[in-house]
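Have a look at coords_5.cif; it's mmCIF, C-alpha atoms:
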data_input
#
loop_
_atom_site.label_atom_id
_atom_site.label_comp_id
_atom_site.auth_asym_id
_atom_site.auth_seq_id
_atom_site.Cartn_x
_atom_site.Cartn_y
_atom_site.Cartn_z
CA MET A 39 -198.13 104.45 10.81
CA SER A 40 -197.65 102.86 14.23
CA ALA A 41 -194.28 101.72 15.58
CA ARG A 42 -195.68 98.19 15.62
CA LYS A 43 -196.42 98.40 11.90
CA LEU A 44 -192.96 99.79 11.16
CA SER A 45 -191.20 97.05 13.08
CA ALA A 46 -193.12 94.08 11.64
CA TRP A 47 -190.70 93.42 8.78
CA GLN A 48 -187.79 91.11 9.60
CA LEU A 49 -184.90 89.90 7.48
CA HIS A 50 -185.31 86.23 6.56
CA PRO A 51 -183.00 84.07 8.74
CA GLN A 52 -181.33 82.49 5.69
CA LEU A 53 -180.50 85.90 4.23
CA ALA A 54 -179.23 87.01 7.63
CA GLU A 55 -176.95 83.96 7.73
CA ASP A 56 -175.63 84.29 4.17
CA THR A 57 -175.01 88.05 4.08
CA HIS A 58 -173.49 91.00 5.97
CA PRO A 59 -175.09 94.45 6.36
CA LEU A 60 -173.74 97.24 4.15
CA ALA A 61 -176.30 100.05 4.04
CA GLN A 62 -179.91 101.00 4.57
CA PHE A 63 -181.61 102.61 1.59
CA GLY A 64 -185.11 104.11 1.75
CA LEU A 65 -186.81 100.87 0.73
CA CYS A 66 -184.11 98.20 0.90
CA GLU A 67 -181.53 96.73 3.19
CA VAL A 68 -178.31 96.43 1.19
CA ARG A 69 -176.25 93.38 2.17
CA LEU A 70 -173.07 91.67 1.00
CA MET A 71 -173.28 88.00 0.06
CA ASP A 72 -170.60 86.12 2.00
CA ASP A 73 -169.04 84.60 -1.10
CA ALA A 74 -165.58 85.78 -2.08
CA ASN A 75 -166.06 84.22 -5.54
CA HIS A 76 -168.10 87.25 -6.63
CA PRO A 77 -168.67 90.84 -5.45
CA TRP A 78 -172.37 90.31 -4.79
CA LEU A 79 -174.97 92.63 -3.28
CA ILE A 80 -178.41 91.61 -2.07
CA LEU A 81 -181.16 94.24 -1.84
CA VAL A 82 -184.07 93.31 0.42
CA PRO A 83 -187.14 95.58 0.40
CA ARG A 84 -188.44 96.08 3.94
CA ILE A 85 -191.98 95.12 2.91
CA GLU A 86 -193.68 92.45 4.96
CA HIS A 87 -194.79 89.33 3.08
CA ALA A 88 -193.37 90.46 -0.28
CA VAL A 89 -192.31 87.43 -2.34
CA GLU A 90 -192.58 88.60 -5.96
CA LEU A 91 -191.68 91.93 -7.56
CA ILE A 92 -195.38 92.22 -8.37
CA ASP A 93 -196.18 92.12 -4.65
CA LEU A 94 -194.76 95.66 -4.48
CA ASP A 95 -197.08 98.51 -5.38
CA GLU A 96 -196.15 100.98 -8.10
CA PRO A 97 -194.33 103.54 -5.90
CA GLN A 98 -192.39 100.72 -4.21
CA GLN A 99 -191.38 99.24 -7.57
CA THR A 100 -190.21 102.65 -8.75
CA LEU A 101 -188.17 103.08 -5.58
CA LEU A 102 -186.74 99.58 -5.98
CA ILE A 103 -185.45 100.23 -9.51
CA ARG A 104 -183.92 103.51 -8.29
CA GLU A 105 -182.14 101.65 -5.49
CA VAL A 106 -181.01 98.86 -7.83
CA ASP A 107 -179.58 101.59 -10.06
CA ARG A 108 -177.81 103.22 -7.11
CA ALA A 109 -176.41 99.92 -5.81
CA SER A 110 -175.32 98.87 -9.31
CA ARG A 111 -173.45 102.13 -9.88
CA ALA A 112 -171.73 101.84 -6.50
CA LEU A 113 -170.72 98.24 -7.17
CA ARG A 114 -169.41 99.14 -10.61
CA ALA A 115 -167.43 102.07 -9.25
CA ALA A 116 -165.96 99.93 -6.46
CA VAL A 117 -164.87 96.81 -8.38
CA LYS A 118 -165.07 97.78 -12.11
CA PRO A 119 -166.65 94.56 -13.41
CA HIS A 120 -167.07 93.55 -17.05
CA LYS A 121 -170.81 92.96 -16.58
CA LEU A 122 -173.56 93.32 -14.00
CA ASN A 123 -176.13 90.61 -13.33
CA VAL A 124 -179.40 91.66 -11.69
CA ALA A 125 -182.02 89.11 -10.65
CA ALA A 126 -185.02 88.45 -8.43
CA LEU A 127 -185.35 84.66 -8.23
CA GLY A 128 -186.38 83.54 -4.74
CA ASN A 129 -186.73 79.83 -5.47
CA ALA A 130 -184.85 78.94 -2.28
CA VAL A 131 -185.54 81.89 0.05
CA PRO A 132 -189.09 83.20 -0.37
CA GLN A 133 -188.53 86.72 1.01
CA LEU A 134 -188.25 89.11 -1.94
CA HIS A 135 -184.62 90.01 -2.59
CA VAL A 136 -182.69 91.27 -5.60
CA HIS A 137 -179.20 90.06 -6.52
CA VAL A 138 -176.78 92.63 -7.97
CA ILE A 139 -173.62 90.77 -8.95
CA ALA A 140 -170.36 92.02 -10.43
CA ARG A 141 -169.17 89.63 -13.13
CA PHE A 142 -165.74 89.28 -14.69
CA HIS A 143 -164.70 87.40 -17.81
CA ASP A 144 -162.32 85.35 -15.67
CA ASP A 145 -164.62 84.69 -12.70
CA ILE A 146 -165.33 81.13 -11.61
CA ALA A 147 -168.73 80.86 -13.31
CA TRP A 148 -168.39 83.09 -16.40
CA PRO A 149 -170.31 83.21 -18.74
CA ARG A 150 -172.89 81.18 -16.82
CA PRO A 151 -175.03 82.65 -14.05
CA VAL A 152 -173.42 82.35 -10.63
CA TRP A 153 -176.04 80.25 -8.88
CA GLY A 154 -175.09 76.62 -8.34
CA MET A 155 -171.77 76.90 -10.22
CA ALA A 156 -169.44 76.78 -7.21
CA SER A 157 -169.76 76.50 -3.44
CA ALA A 158 -169.81 79.83 -1.66
CA GLN A 159 -166.35 80.74 -0.42
CA PRO A 160 -166.75 82.78 2.77
CA TYR A 161 -164.51 85.84 3.06
CA THR A 162 -161.62 85.69 5.50
CA PRO A 163 -162.15 88.22 8.31
CA GLU A 164 -159.51 90.54 6.82
CA ALA A 165 -160.91 90.33 3.29
CA LEU A 166 -164.43 90.86 4.62
CA ILE A 167 -163.43 94.04 6.45
CA ARG A 168 -161.72 95.41 3.32
CA ARG A 169 -164.66 94.51 1.07
CA VAL A 170 -167.26 95.97 3.44
CA GLU A 171 -165.31 99.21 3.84
CA LEU A 172 -164.87 99.58 0.09
CA LEU A 173 -168.54 98.94 -0.65
CA ARG A 174 -169.92 101.05 2.20
CA SER A 175 -167.88 103.96 1.01
CA ALA A 176 -169.11 103.47 -2.59
CA LEU A 177 -172.74 103.10 -1.47
CA GLU A 178 -172.56 106.31 0.55
CA ALA A 179 -171.00 108.33 -2.30
CA MET B 185 -186.80 112.92 -33.62
CA SER B 186 -185.95 111.83 -37.16
CA ALA B 187 -187.18 108.60 -38.72
CA ARG B 188 -183.56 107.55 -38.96
CA LYS B 189 -183.16 107.95 -35.20
CA LEU B 190 -186.37 106.05 -34.52
CA SER B 191 -185.35 103.12 -36.70
CA ALA B 192 -181.78 102.72 -35.43
CA TRP B 193 -182.62 100.11 -32.78
CA GLN B 194 -182.59 96.53 -33.96
CA LEU B 195 -183.24 93.28 -32.14
CA HIS B 196 -180.00 91.33 -31.59
CA PRO B 197 -179.80 88.43 -34.10
CA GLN B 198 -179.38 85.85 -31.31
CA LEU B 199 -182.54 87.07 -29.55
CA ALA B 200 -184.36 87.07 -32.88
CA GLU B 201 -183.30 83.45 -33.41
CA ASP B 202 -184.17 82.22 -29.91
CA THR B 203 -187.54 83.96 -29.47
CA HIS B 204 -190.90 84.68 -31.11
CA PRO B 205 -192.70 88.05 -31.06
CA LEU B 206 -195.62 88.41 -28.65
CA ALA B 207 -196.35 92.10 -28.11
CA GLN B 208 -194.96 95.61 -28.36
CA PHE B 209 -195.06 97.61 -25.15
CA GLY B 210 -194.18 101.30 -24.96
CA LEU B 211 -190.51 100.63 -24.20
CA CYS B 212 -190.01 96.92 -24.79
CA GLU B 213 -190.49 94.22 -27.36
CA VAL B 214 -192.08 91.25 -25.57
CA ARG B 215 -190.94 87.91 -26.95
CA LEU B 216 -191.43 84.23 -26.14
CA MET B 217 -188.31 82.12 -25.57
CA ASP B 218 -188.55 79.07 -27.83
CA ASP B 219 -188.11 76.60 -24.98
CA ALA B 220 -191.07 74.44 -24.07
CA ASN B 221 -189.36 73.54 -20.76
CA HIS B 222 -190.49 76.86 -19.27
CA PRO B 223 -193.08 79.55 -20.05
CA TRP B 224 -190.47 82.26 -20.57
CA LEU B 225 -190.83 85.87 -21.68
CA ILE B 226 -188.02 88.15 -22.81
CA LEU B 227 -188.48 91.93 -22.64
CA VAL B 228 -186.11 93.92 -24.82
CA PRO B 229 -186.06 97.73 -24.40
CA ARG B 230 -185.87 99.42 -27.80
CA ILE B 231 -182.92 101.56 -26.69
CA GLU B 232 -179.87 101.55 -28.92
CA HIS B 233 -176.61 100.39 -27.31
CA ALA B 234 -178.21 99.58 -23.93
CA VAL B 235 -176.33 96.71 -22.26
CA GLU B 236 -176.90 97.25 -18.52
CA LEU B 237 -180.02 98.35 -16.63
CA ILE B 238 -177.99 101.40 -15.60
CA ASP B 239 -177.63 102.36 -19.27
CA LEU B 240 -181.31 103.35 -19.16
CA ASP B 241 -182.15 106.80 -17.85
CA GLU B 242 -184.53 107.24 -14.94
CA PRO B 243 -187.79 107.53 -16.96
CA GLN B 244 -186.78 104.48 -19.03
CA GLN B 245 -186.04 102.45 -15.89
CA THR B 246 -189.41 103.42 -14.43
CA LEU B 247 -191.14 102.38 -17.64
CA LEU B 248 -189.18 99.12 -17.67
CA ILE B 249 -190.28 98.11 -14.16
CA ARG B 250 -193.89 98.97 -15.11
CA GLU B 251 -193.61 96.72 -18.18
CA VAL B 252 -191.94 93.93 -16.20
CA ASP B 253 -194.88 94.17 -13.79
CA ARG B 254 -197.39 94.03 -16.64
CA ALA B 255 -195.66 91.10 -18.35
CA SER B 256 -195.29 89.24 -15.04
CA ARG B 257 -198.98 89.62 -14.24
CA ALA B 258 -199.95 88.43 -17.71
CA LEU B 259 -197.66 85.40 -17.47
CA ARG B 260 -198.98 84.55 -14.01
CA ALA B 261 -202.59 84.85 -15.17
CA ALA B 262 -201.89 82.69 -18.23
CA VAL B 263 -199.99 79.77 -16.70
CA LYS B 264 -200.43 80.12 -12.91
CA PRO B 265 -196.84 79.35 -11.84
CA HIS B 266 -195.60 78.70 -8.30
CA LYS B 267 -192.90 81.39 -8.65
CA LEU B 268 -191.67 84.05 -11.03
CA ASN B 269 -188.00 84.56 -11.85
CA VAL B 270 -186.97 87.97 -13.21
CA ALA B 271 -183.41 88.65 -14.36
CA ALA B 272 -181.20 90.87 -16.48
CA LEU B 273 -177.99 88.91 -17.05
CA GLY B 274 -176.66 89.43 -20.58
CA ASN B 275 -173.45 87.43 -20.22
CA ALA B 276 -174.02 85.74 -23.58
CA VAL B 277 -176.10 88.29 -25.54
CA PRO B 278 -174.98 91.85 -24.82
CA GLN B 279 -178.21 93.63 -25.87
CA LEU B 280 -180.12 94.53 -22.68
CA HIS B 281 -182.99 92.09 -22.13
CA VAL B 282 -185.00 90.99 -19.12
CA HIS B 283 -186.07 87.40 -18.50
CA VAL B 284 -189.50 86.84 -16.93
CA ILE B 285 -189.87 83.11 -16.32
CA ALA B 286 -192.75 81.09 -14.88
CA ARG B 287 -191.40 78.46 -12.51
CA PHE B 288 -193.11 75.35 -11.16
CA HIS B 289 -192.07 73.08 -8.32
CA ASP B 290 -191.96 70.18 -10.78
CA ASP B 291 -190.22 71.92 -13.68
CA ILE B 292 -187.01 70.48 -15.10
CA ALA B 293 -184.66 72.87 -13.25
CA TRP B 294 -186.49 73.59 -9.96
CA PRO B 295 -185.31 74.96 -7.54
CA ARG B 296 -182.25 76.02 -9.51
CA PRO B 297 -182.28 78.89 -12.01
CA VAL B 298 -183.19 77.76 -15.53
CA TRP B 299 -180.00 78.79 -17.33
CA GLY B 300 -177.71 75.94 -18.30
CA MET B 301 -179.84 73.28 -16.57
CA ALA B 302 -181.28 71.65 -19.69
CA SER B 303 -181.07 72.13 -23.45
CA ALA B 304 -183.80 74.33 -24.88
CA GLN B 305 -186.68 72.22 -26.19
CA PRO B 306 -188.22 74.10 -29.14
CA TYR B 307 -192.01 74.16 -29.22
CA THR B 308 -193.76 72.00 -31.81
CA PRO B 309 -195.62 74.21 -34.30
CA GLU B 310 -198.98 73.34 -32.72
CA ALA B 311 -197.77 73.98 -29.16
CA LEU B 312 -196.15 77.23 -30.26
CA ILE B 313 -199.39 78.50 -31.79
CA ARG B 314 -201.35 77.64 -28.63
CA ARG B 315 -198.76 79.21 -26.34
CA VAL B 316 -198.47 82.40 -28.41
CA GLU B 317 -202.27 82.80 -28.57
CA LEU B 318 -202.62 82.30 -24.82
CA LEU B 319 -199.86 84.77 -23.96
CA ARG B 320 -200.86 87.42 -26.51
CA SER B 321 -204.35 87.38 -25.14
CA ALA B 322 -203.04 87.70 -21.55
CA LEU B 323 -200.62 90.49 -22.51
CA GLU B 324 -203.40 92.49 -24.18
CA ALA B 325 -205.80 92.12 -21.22
#

Could I get this file's structure written as structure tokens?
Amino acid sequence: MSARKLSAWQLHPQLAEDTHPLAQFGLCEVRLMDDANHPWLILVPRIEHAVELIDLDEPQQTLLIREVDRASRALRAAVKPHKLNVAALGNAVPQLHVHVIARFHDDIAWPRPVWGMASAQPYTPEALIRRVELLRSALEA
Amino acid sequence: MSARKLSAWQLHPQLAEDTHPLAQFGLCEVRLMDDANHPWLILVPRIEHAVELIDLDEPQQTLLIREVDRASRALRAAVKPHKLNVAALGNAVPQLHVHVIARFHDDIAWPRPVWGMASAQPYTPEALIRRVELLRSALEA
């Protein structure tokens, strides 16, 4: 595979704006949604032009579910939620991405899904640093 | 494995009430959500006590993503949506289930997720029969 081929994938500008980098898995970029309302990971497969899960081939799908499992376990270990929500929607941002969200019975949207329930509340710089450190350490474990 | 072990899994009563049977895959029951607002499949792994995706072991997760792929392709072939939404939420019904929803740019909730946007609109008997026939035929293809 040429270097040109390897470098063709780029993170969608909207995802870049809404999230912070946490880790690189074999298939996915793992990012933190900048919304202090919910501990919220975004996994973005580095596959050019992928929009739907079914745009991934079988080995890529298998890798994706492994990485969703790994990210989910890390998120659970880090923040001990009551429930996990996992979703590939993409109605607003077409680049394929998977939400992995820690939910609590007393969070701002419970028991409804998080999307559209409350405006995103960006982390303060201090809270962002703490959250990123906690999650990076869990994702590397 | 004993017959008792094999028969221990049961569909959650709320899922039984909200959906109609479409197909049995190797891991999952495939059901139709009784909401004419959206062509909407529910895949329910026949694994006792599973609540989260991470409650499935690795072979079960791999099978699940294969069956989500198969169901997604069937749904796309049957109703030709603009987008697919795939999600495992489970905030209301704890039994692990995966939503596979066909979305259209002019559907009642677009571009928002479907949950909580509009009351479910049960199919008329005639529309239900047509929808079930169409989807069963696509799922068997």

Q: Pick out the closest residue to chain A from this set: B:Asn269, B:Thr308, B:Gln244, B:Gln194. Count only C-alpha atoms.
A: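 Looking at the shortest contact to chain A, the residue is B:Asn269.
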
Q) Selected by the PyMOL selection byres ((chain B) within 10 of (chain A)) in the shown coordinates: which residues, as a PyMOL selection string? A) chain B and resi 235-243+245-250+252-254+256-257+266-276+278+282-285+287-289+294-300

Pick out the residues sitting within 9 Å of Val263 of chain B, and hand them over as a CSV table (one decimal) with C-alpha atoms, in the coordinates of the input; count only C-alpha atoms, and ignore anything fewer than 5 positions along from it in its own chain.
chain,number,residue,atom,x,y,z
B,223,PRO,CA,-193.1,79.6,-20.0
B,258,ALA,CA,-200.0,88.4,-17.7
B,286,ALA,CA,-192.8,81.1,-14.9
B,318,LEU,CA,-202.6,82.3,-24.8
B,319,LEU,CA,-199.9,84.8,-24.0

Any chance you could lay chain B over chain A, fitting all C-alpha atoms in order by least squares, and write the moved chain as a PDB file with C-alpha atoms, in the coordinates of the input?
ATOM      1  CA  MET B 185    -198.341 104.299  11.121  1.00  0.00           C
ATOM      2  CA  SER B 186    -197.802 102.614  14.484  1.00  0.00           C
ATOM      3  CA  ALA B 187    -194.407 101.515  15.768  1.00  0.00           C
ATOM      4  CA  ARG B 188    -195.735  97.980  15.717  1.00  0.00           C
ATOM      5  CA  LYS B 189    -196.487  98.280  12.002  1.00  0.00           C
ATOM      6  CA  LEU B 190    -193.076  99.778  11.295  1.00  0.00           C
ATOM      7  CA  SER B 191    -191.242  97.001  13.111  1.00  0.00           C
ATOM      8  CA  ALA B 192    -193.135  94.045  11.629  1.00  0.00           C
ATOM      9  CA  TRP B 193    -190.684  93.430   8.773  1.00  0.00           C
ATOM     10  CA  GLN B 194    -187.787  91.157   9.580  1.00  0.00           C
ATOM     11  CA  LEU B 195    -184.898  89.926   7.473  1.00  0.00           C
ATOM     12  CA  HIS B 196    -185.320  86.239   6.566  1.00  0.00           C
ATOM     13  CA  PRO B 197    -183.000  84.100   8.754  1.00  0.00           C
ATOM     14  CA  GLN B 198    -181.338  82.512   5.699  1.00  0.00           C
ATOM     15  CA  LEU B 199    -180.500  85.936   4.233  1.00  0.00           C
ATOM     16  CA  ALA B 200    -179.235  87.050   7.633  1.00  0.00           C
ATOM     17  CA  GLU B 201    -176.959  83.998   7.738  1.00  0.00           C
ATOM     18  CA  ASP B 202    -175.635  84.314   4.180  1.00  0.00           C
ATOM     19  CA  THR B 203    -175.018  88.081   4.089  1.00  0.00           C
ATOM     20  CA  HIS B 204    -173.487  91.023   5.961  1.00  0.00           C
ATOM     21  CA  PRO B 205    -175.095  94.468   6.345  1.00  0.00           C
ATOM     22  CA  LEU B 206    -173.749  97.254   4.134  1.00  0.00           C
ATOM     23  CA  ALA B 207    -176.280 100.086   4.010  1.00  0.00           C
ATOM     24  CA  GLN B 208    -179.901 101.041   4.545  1.00  0.00           C
ATOM     25  CA  PHE B 209    -181.600 102.636   1.564  1.00  0.00           C
ATOM     26  CA  GLY B 210    -185.081 104.148   1.706  1.00  0.00           C
ATOM     27  CA  LEU B 211    -186.793 100.900   0.698  1.00  0.00           C
ATOM     28  CA  CYS B 212    -184.105  98.235   0.882  1.00  0.00           C
ATOM     29  CA  GLU B 213    -181.532  96.751   3.185  1.00  0.00           C
ATOM     30  CA  VAL B 214    -178.300  96.433   1.185  1.00  0.00           C
ATOM     31  CA  ARG B 215    -176.252  93.397   2.158  1.00  0.00           C
ATOM     32  CA  LEU B 216    -173.064  91.681   1.004  1.00  0.00           C
ATOM     33  CA  MET B 217    -173.287  87.996   0.066  1.00  0.00           C
ATOM     34  CA  ASP B 218    -170.595  86.144   2.013  1.00  0.00           C
ATOM     35  CA  ASP B 219    -169.036  84.612  -1.092  1.00  0.00           C
ATOM     36  CA  ALA B 220    -165.581  85.779  -2.066  1.00  0.00           C
ATOM     37  CA  ASN B 221    -166.061  84.216  -5.533  1.00  0.00           C
ATOM     38  CA  HIS B 222    -168.105  87.243  -6.618  1.00  0.00           C
ATOM     39  CA  PRO B 223    -168.652  90.829  -5.440  1.00  0.00           C
ATOM     40  CA  TRP B 224    -172.356  90.308  -4.779  1.00  0.00           C
ATOM     41  CA  LEU B 225    -174.961  92.630  -3.290  1.00  0.00           C
ATOM     42  CA  ILE B 226    -178.411  91.631  -2.077  1.00  0.00           C
ATOM     43  CA  LEU B 227    -181.157  94.264  -1.839  1.00  0.00           C
ATOM     44  CA  VAL B 228    -184.057  93.337   0.410  1.00  0.00           C
ATOM     45  CA  PRO B 229    -187.147  95.607   0.378  1.00  0.00           C
ATOM     46  CA  ARG B 230    -188.434  96.116   3.918  1.00  0.00           C
ATOM     47  CA  ILE B 231    -191.971  95.149   2.885  1.00  0.00           C
ATOM     48  CA  GLU B 232    -193.684  92.485   4.946  1.00  0.00           C
ATOM     49  CA  HIS B 233    -194.801  89.359   3.064  1.00  0.00           C
ATOM     50  CA  ALA B 234    -193.366  90.495  -0.296  1.00  0.00           C
ATOM     51  CA  VAL B 235    -192.294  87.458  -2.342  1.00  0.00           C
ATOM     52  CA  GLU B 236    -192.573  88.613  -5.974  1.00  0.00           C
ATOM     53  CA  LEU B 237    -191.671  91.946  -7.583  1.00  0.00           C
ATOM     54  CA  ILE B 238    -195.376  92.246  -8.398  1.00  0.00           C
ATOM     55  CA  ASP B 239    -196.170  92.159  -4.672  1.00  0.00           C
ATOM     56  CA  LEU B 240    -194.752  95.693  -4.496  1.00  0.00           C
ATOM     57  CA  ASP B 241    -197.065  98.548  -5.404  1.00  0.00           C
ATOM     58  CA  GLU B 242    -196.133 101.003  -8.130  1.00  0.00           C
ATOM     59  CA  PRO B 243    -194.301 103.570  -5.930  1.00  0.00           C
ATOM     60  CA  GLN B 244    -192.370 100.740  -4.234  1.00  0.00           C
ATOM     61  CA  GLN B 245    -191.357  99.261  -7.598  1.00  0.00           C
ATOM     62  CA  THR B 246    -190.179 102.673  -8.780  1.00  0.00           C
ATOM     63  CA  LEU B 247    -188.145 103.108  -5.609  1.00  0.00           C
ATOM     64  CA  LEU B 248    -186.723  99.603  -6.010  1.00  0.00           C
ATOM     65  CA  ILE B 249    -185.436 100.235  -9.545  1.00  0.00           C
ATOM     66  CA  ARG B 250    -183.902 103.529  -8.331  1.00  0.00           C
ATOM     67  CA  GLU B 251    -182.119 101.656  -5.524  1.00  0.00           C
ATOM     68  CA  VAL B 252    -181.000  98.865  -7.859  1.00  0.00           C
ATOM     69  CA  ASP B 253    -179.547 101.597 -10.081  1.00  0.00           C
ATOM     70  CA  ARG B 254    -177.780 103.226  -7.138  1.00  0.00           C
ATOM     71  CA  ALA B 255    -176.397  99.930  -5.824  1.00  0.00           C
ATOM     72  CA  SER B 256    -175.305  98.864  -9.320  1.00  0.00           C
ATOM     73  CA  ARG B 257    -173.430 102.113  -9.891  1.00  0.00           C
ATOM     74  CA  ALA B 258    -171.721 101.827  -6.515  1.00  0.00           C
ATOM     75  CA  LEU B 259    -170.694  98.223  -7.177  1.00  0.00           C
ATOM     76  CA  ARG B 260    -169.399  99.121 -10.635  1.00  0.00           C
ATOM     77  CA  ALA B 261    -167.408 102.060  -9.270  1.00  0.00           C
ATOM     78  CA  ALA B 262    -165.951  99.907  -6.485  1.00  0.00           C
ATOM     79  CA  VAL B 263    -164.843  96.810  -8.398  1.00  0.00           C
ATOM     80  CA  LYS B 264    -165.052  97.753 -12.105  1.00  0.00           C
ATOM     81  CA  PRO B 265    -166.651  94.540 -13.428  1.00  0.00           C
ATOM     82  CA  HIS B 266    -167.060  93.524 -17.073  1.00  0.00           C
ATOM     83  CA  LYS B 267    -170.810  92.936 -16.588  1.00  0.00           C
ATOM     84  CA  LEU B 268    -173.549  93.296 -14.015  1.00  0.00           C
ATOM     85  CA  ASN B 269    -176.121  90.590 -13.333  1.00  0.00           C
ATOM     86  CA  VAL B 270    -179.390  91.660 -11.686  1.00  0.00           C
ATOM     87  CA  ALA B 271    -182.014  89.109 -10.654  1.00  0.00           C
ATOM     88  CA  ALA B 272    -185.005  88.453  -8.433  1.00  0.00           C
ATOM     89  CA  LEU B 273    -185.343  84.669  -8.228  1.00  0.00           C
ATOM     90  CA  GLY B 274    -186.377  83.560  -4.735  1.00  0.00           C
ATOM     91  CA  ASN B 275    -186.731  79.847  -5.457  1.00  0.00           C
ATOM     92  CA  ALA B 276    -184.869  78.956  -2.262  1.00  0.00           C
ATOM     93  CA  VAL B 277    -185.551  81.933   0.049  1.00  0.00           C
ATOM     94  CA  PRO B 278    -189.100  83.231  -0.361  1.00  0.00           C
ATOM     95  CA  GLN B 279    -188.523  86.759   1.026  1.00  0.00           C
ATOM     96  CA  LEU B 280    -188.255  89.141  -1.955  1.00  0.00           C
ATOM     97  CA  HIS B 281    -184.612  90.033  -2.605  1.00  0.00           C
ATOM     98  CA  VAL B 282    -182.680  91.287  -5.607  1.00  0.00           C
ATOM     99  CA  HIS B 283    -179.206  90.067  -6.534  1.00  0.00           C
ATOM    100  CA  VAL B 284    -176.777  92.628  -7.978  1.00  0.00           C
ATOM    101  CA  ILE B 285    -173.612  90.766  -8.945  1.00  0.00           C
ATOM    102  CA  ALA B 286    -170.343  92.006 -10.436  1.00  0.00           C
ATOM    103  CA  ARG B 287    -169.179  89.605 -13.126  1.00  0.00           C
ATOM    104  CA  PHE B 288    -165.740  89.255 -14.698  1.00  0.00           C
ATOM    105  CA  HIS B 289    -164.701  87.363 -17.803  1.00  0.00           C
ATOM    106  CA  ASP B 290    -162.329  85.301 -15.659  1.00  0.00           C
ATOM    107  CA  ASP B 291    -164.614  84.655 -12.688  1.00  0.00           C
ATOM    108  CA  ILE B 292    -165.324  81.095 -11.586  1.00  0.00           C
ATOM    109  CA  ALA B 293    -168.737  80.830 -13.299  1.00  0.00           C
ATOM    110  CA  TRP B 294    -168.379  83.051 -16.402  1.00  0.00           C
ATOM    111  CA  PRO B 295    -170.305  83.171 -18.727  1.00  0.00           C
ATOM    112  CA  ARG B 296    -172.889  81.162 -16.816  1.00  0.00           C
ATOM    113  CA  PRO B 297    -175.032  82.640 -14.038  1.00  0.00           C
ATOM    114  CA  VAL B 298    -173.403  82.336 -10.610  1.00  0.00           C
ATOM    115  CA  TRP B 299    -176.051  80.223  -8.878  1.00  0.00           C
ATOM    116  CA  GLY B 300    -175.106  76.603  -8.319  1.00  0.00           C
ATOM    117  CA  MET B 301    -171.793  76.895 -10.201  1.00  0.00           C
ATOM    118  CA  ALA B 302    -169.468  76.757  -7.195  1.00  0.00           C
ATOM    119  CA  SER B 303    -169.784  76.494  -3.421  1.00  0.00           C
ATOM    120  CA  ALA B 304    -169.823  79.835  -1.639  1.00  0.00           C
ATOM    121  CA  GLN B 305    -166.342  80.743  -0.407  1.00  0.00           C
ATOM    122  CA  PRO B 306    -166.764  82.791   2.793  1.00  0.00           C
ATOM    123  CA  TYR B 307    -164.529  85.841   3.069  1.00  0.00           C
ATOM    124  CA  THR B 308    -161.622  85.689   5.511  1.00  0.00           C
ATOM    125  CA  PRO B 309    -162.138  88.234   8.303  1.00  0.00           C
ATOM    126  CA  GLU B 310    -159.504  90.556   6.814  1.00  0.00           C
ATOM    127  CA  ALA B 311    -160.924  90.333   3.281  1.00  0.00           C
ATOM    128  CA  LEU B 312    -164.434  90.863   4.623  1.00  0.00           C
ATOM    129  CA  ILE B 313    -163.420  94.047   6.436  1.00  0.00           C
ATOM    130  CA  ARG B 314    -161.717  95.418   3.307  1.00  0.00           C
ATOM    131  CA  ARG B 315    -164.643  94.519   1.061  1.00  0.00           C
ATOM    132  CA  VAL B 316    -167.255  95.976   3.428  1.00  0.00           C
ATOM    133  CA  GLU B 317    -165.281  99.228   3.819  1.00  0.00           C
ATOM    134  CA  LEU B 318    -164.864  99.589   0.060  1.00  0.00           C
ATOM    135  CA  LEU B 319    -168.537  98.945  -0.682  1.00  0.00           C
ATOM    136  CA  ARG B 320    -169.918 101.061   2.171  1.00  0.00           C
ATOM    137  CA  SER B 321    -167.857 103.958   0.981  1.00  0.00           C
ATOM    138  CA  ALA B 322    -169.084 103.468  -2.619  1.00  0.00           C
ATOM    139  CA  LEU B 323    -172.715 103.101  -1.503  1.00  0.00           C
ATOM    140  CA  GLU B 324    -172.552 106.338   0.500  1.00  0.00           C
ATOM    141  CA  ALA B 325    -170.965 108.332  -2.358  1.00  0.00           C
TER     142      ALA B 325
END

Show me, as AutoDock Vina command-line options, the centre and edge lengths in Å to one decimal of the axis-aligned box that covers every listed atom of segment 293-307 of chain B with 8 Å on each side.
--center_x -184.9 --center_y 75.3 --center_z -18.4 --size_x 30.3 --size_y 23.2 --size_z 37.7

Q) By how many Å are atom CA of Trp47 of chain A and atom CA of Leu60 of chain A apart? A)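 Atom CA of Leu60 of chain A lies at a distance of 18.0 Å from atom CA of Trp47 of chain A.
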
Q | Selected residue, from B:Leu259, B:Pro309, B:Val214, B:Met301, that lies nearest to Ile226 of chain B when counting only C-alpha atoms | A | B:Val214
